[in-house]
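A.B. asks: Quick one: this structure, given as structure tokens, is what I'll be asking you about.
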Amino acid sequence: MNFHKKKLILVGAATRNLGKTTFVERLIKKFSSKFSIVGLKIKTIYKNDNFFHGKGRSLLKKNFEIIEETNTKNSEDTNRMLKNGASRVFMIRCFSDFLGLAFNEFLKKIDEKNFIVCESNSLRKFVKPDVFILIKHKTKIEIKPSAKKLEKYANLFIFSDGKNFDKNINEIGLKIKNSVWKLI
């Protein structure tokens with residue numbers, strides 16, 4: 001399953017701690033005044049993993065779960081998306097073999113008029129977004145093997161030291177035409 005999903009910007013990263021959520025927040029903030037944007041964070045467990053990396057290390061009891069965030073008072077990634085203007089925010093937690101199915105279930109929960117800004121590398125294996133942005137480190141060449149395989153699909157590379165980006169969000173030309181995000 002590798003279908004084109006209109007109205008989707010996917011933001012991934014070469015390694016952890018490169019500022020994906022900060023970048024996603026800025027995208028949502030920039031466009032949420034004009035469009036209804038749904039934020040999506042995906043956490044995937046791969047074979048031979050026992051738990052999620054980073055925050056939210058709890059085990060997954062089913063093949064996947066979709067959680068809607070409604071709280072703006074915490075500082076988790078999903079809370080931050082909501083605070084920055086997303087009309088709704090979800091997190092998908094899943095085993096890698098079930099990501100396609102989980103994404104399809106997520107799509108049933110939102111209106112097709114919504115635009116989606118999603119933080120994930122893994123989803124690119126299943127879905128062709130309008131725009132796939134890959135964040136890489138400014139000075140280090142380190143890249144996760146999974147991200148290396150996805151480099152060829154990136155429409156735009158952003159370089160970061162974890163806090164600062166080589167491009168200001170306003171320098172990135174994005175516009176929406178015929179319900180599709182386009183880089184300009």
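In the structure tokens, chains take the letters A, B, ... in the order shown, each chain's residues start at 1, and ligands count up from 1 in the order shown.
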Need to verify the contact set: A:Lys29, 10 Å, only C-alpha atoms, exclusion of same-chain residues closer than 6 positions in sequence. Can you return it as a PyMOL selection string?
C.D. replies: chain A and resi 23+37+81-86+169
A.B. asks: Using only C-alpha atoms, which residues sit within 8 Å of A:Asn2 once same-chain residues fewer than 5 positions away are excluded, as a list in words?
C.D. replies: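 Residues near the query, excluding close chain neighbours: Lys125, Phe126, Val127 and Lys128 of chain A.
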A.B. asks: Determine which residues of chain A DSSP labels as strand (DSSP E) from the backbone of this structure, then write them out as a PyMOL selection string.
C.D. replies: chain A and resi 3-13+37-45+64-69+88-95+115-119+127-137+156-160+174-177+180-183
A.B. asks: Contacts of stretch 146-156 of chain A at 7 Å or less, counting only C-alpha atoms, minus same-chain residues fewer than 6 places along, as number ranges by chain?
C.D. replies: A: 13-14, 121, 131-134
A.B. asks: Let me see the file: selected residues, C-alpha atoms, as a PDB file, in the first residue's frame.
C.D. replies:
```pdb
ATOM      1  CA  ALA A  13      14.249  13.114  10.656  1.00  0.00           C
ATOM      2  CA  ALA A  14      17.588  11.423  10.093  1.00  0.00           C
ATOM      3  CA  ASN A 121       9.455   8.640   9.107  1.00  0.00           C
ATOM      4  CA  VAL A 131       5.285  16.980   0.733  1.00  0.00           C
ATOM      5  CA  PHE A 132       7.864  14.924   2.641  1.00  0.00           C
ATOM      6  CA  ILE A 133      10.334  17.018   4.639  1.00  0.00           C
ATOM      7  CA  LEU A 134      13.383  15.280   6.081  1.00  0.00           C
TER       8      LEU A 134
END
```
A.B. asks: List the spatial neighbours of A:Lys138 as JSON, numbers by chain - criterion: any atom at most 8 Å away, only C-alpha atoms, same-chain residues fewer than 6 positions off excluded.
C.D. replies: {"A": [159, 160, 161, 166]}
A.B. asks: For A:Asn114, which residue out of A:Lys167, A:Lys43, A:Arg88, A:Lys140 is the nearest one, using only C-alpha atoms?
C.D. replies: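 Ranking A:Lys167, A:Lys43, A:Arg88, A:Lys140 by distance to A:Asn114, first place goes to A:Arg88.
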A.B. asks: Rank nothing, just name the residue among A:Ser179, A:Asn17, A:Thr44, A:Ser32 nearest to A:Lys113, using only C-alpha atoms.
C.D. replies: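 Of the candidates, the smallest distance to A:Lys113 is held by A:Ser179.
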A.B. asks: Please report the interatomic distance between atom CA of A:Glu112 and atom CA of A:Lys7 in Å with one decimal.
C.D. replies: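 Atom-to-atom, atom CA of A:Glu112 to atom CA of A:Lys7, that is 8.8 Å.
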A.B. asks: Select, from A:Lys144, A:Lys30, A:Arg80, A:Arg93, the residue with the minimum atom-to-atom distance to A:Lys175, counting only C-alpha atoms.
C.D. replies: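 Looking at the shortest contact to A:Lys175, the residue is A:Lys30.
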A.B. asks: Considering only C-alpha atoms, state which residue in the set A:Phe103, A:Phe90, A:Phe157, A:Phe64 is at the smallest distance from A:Phe3.
C.D. replies: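 So, comparing all the options, the nearest one is A:Phe103.
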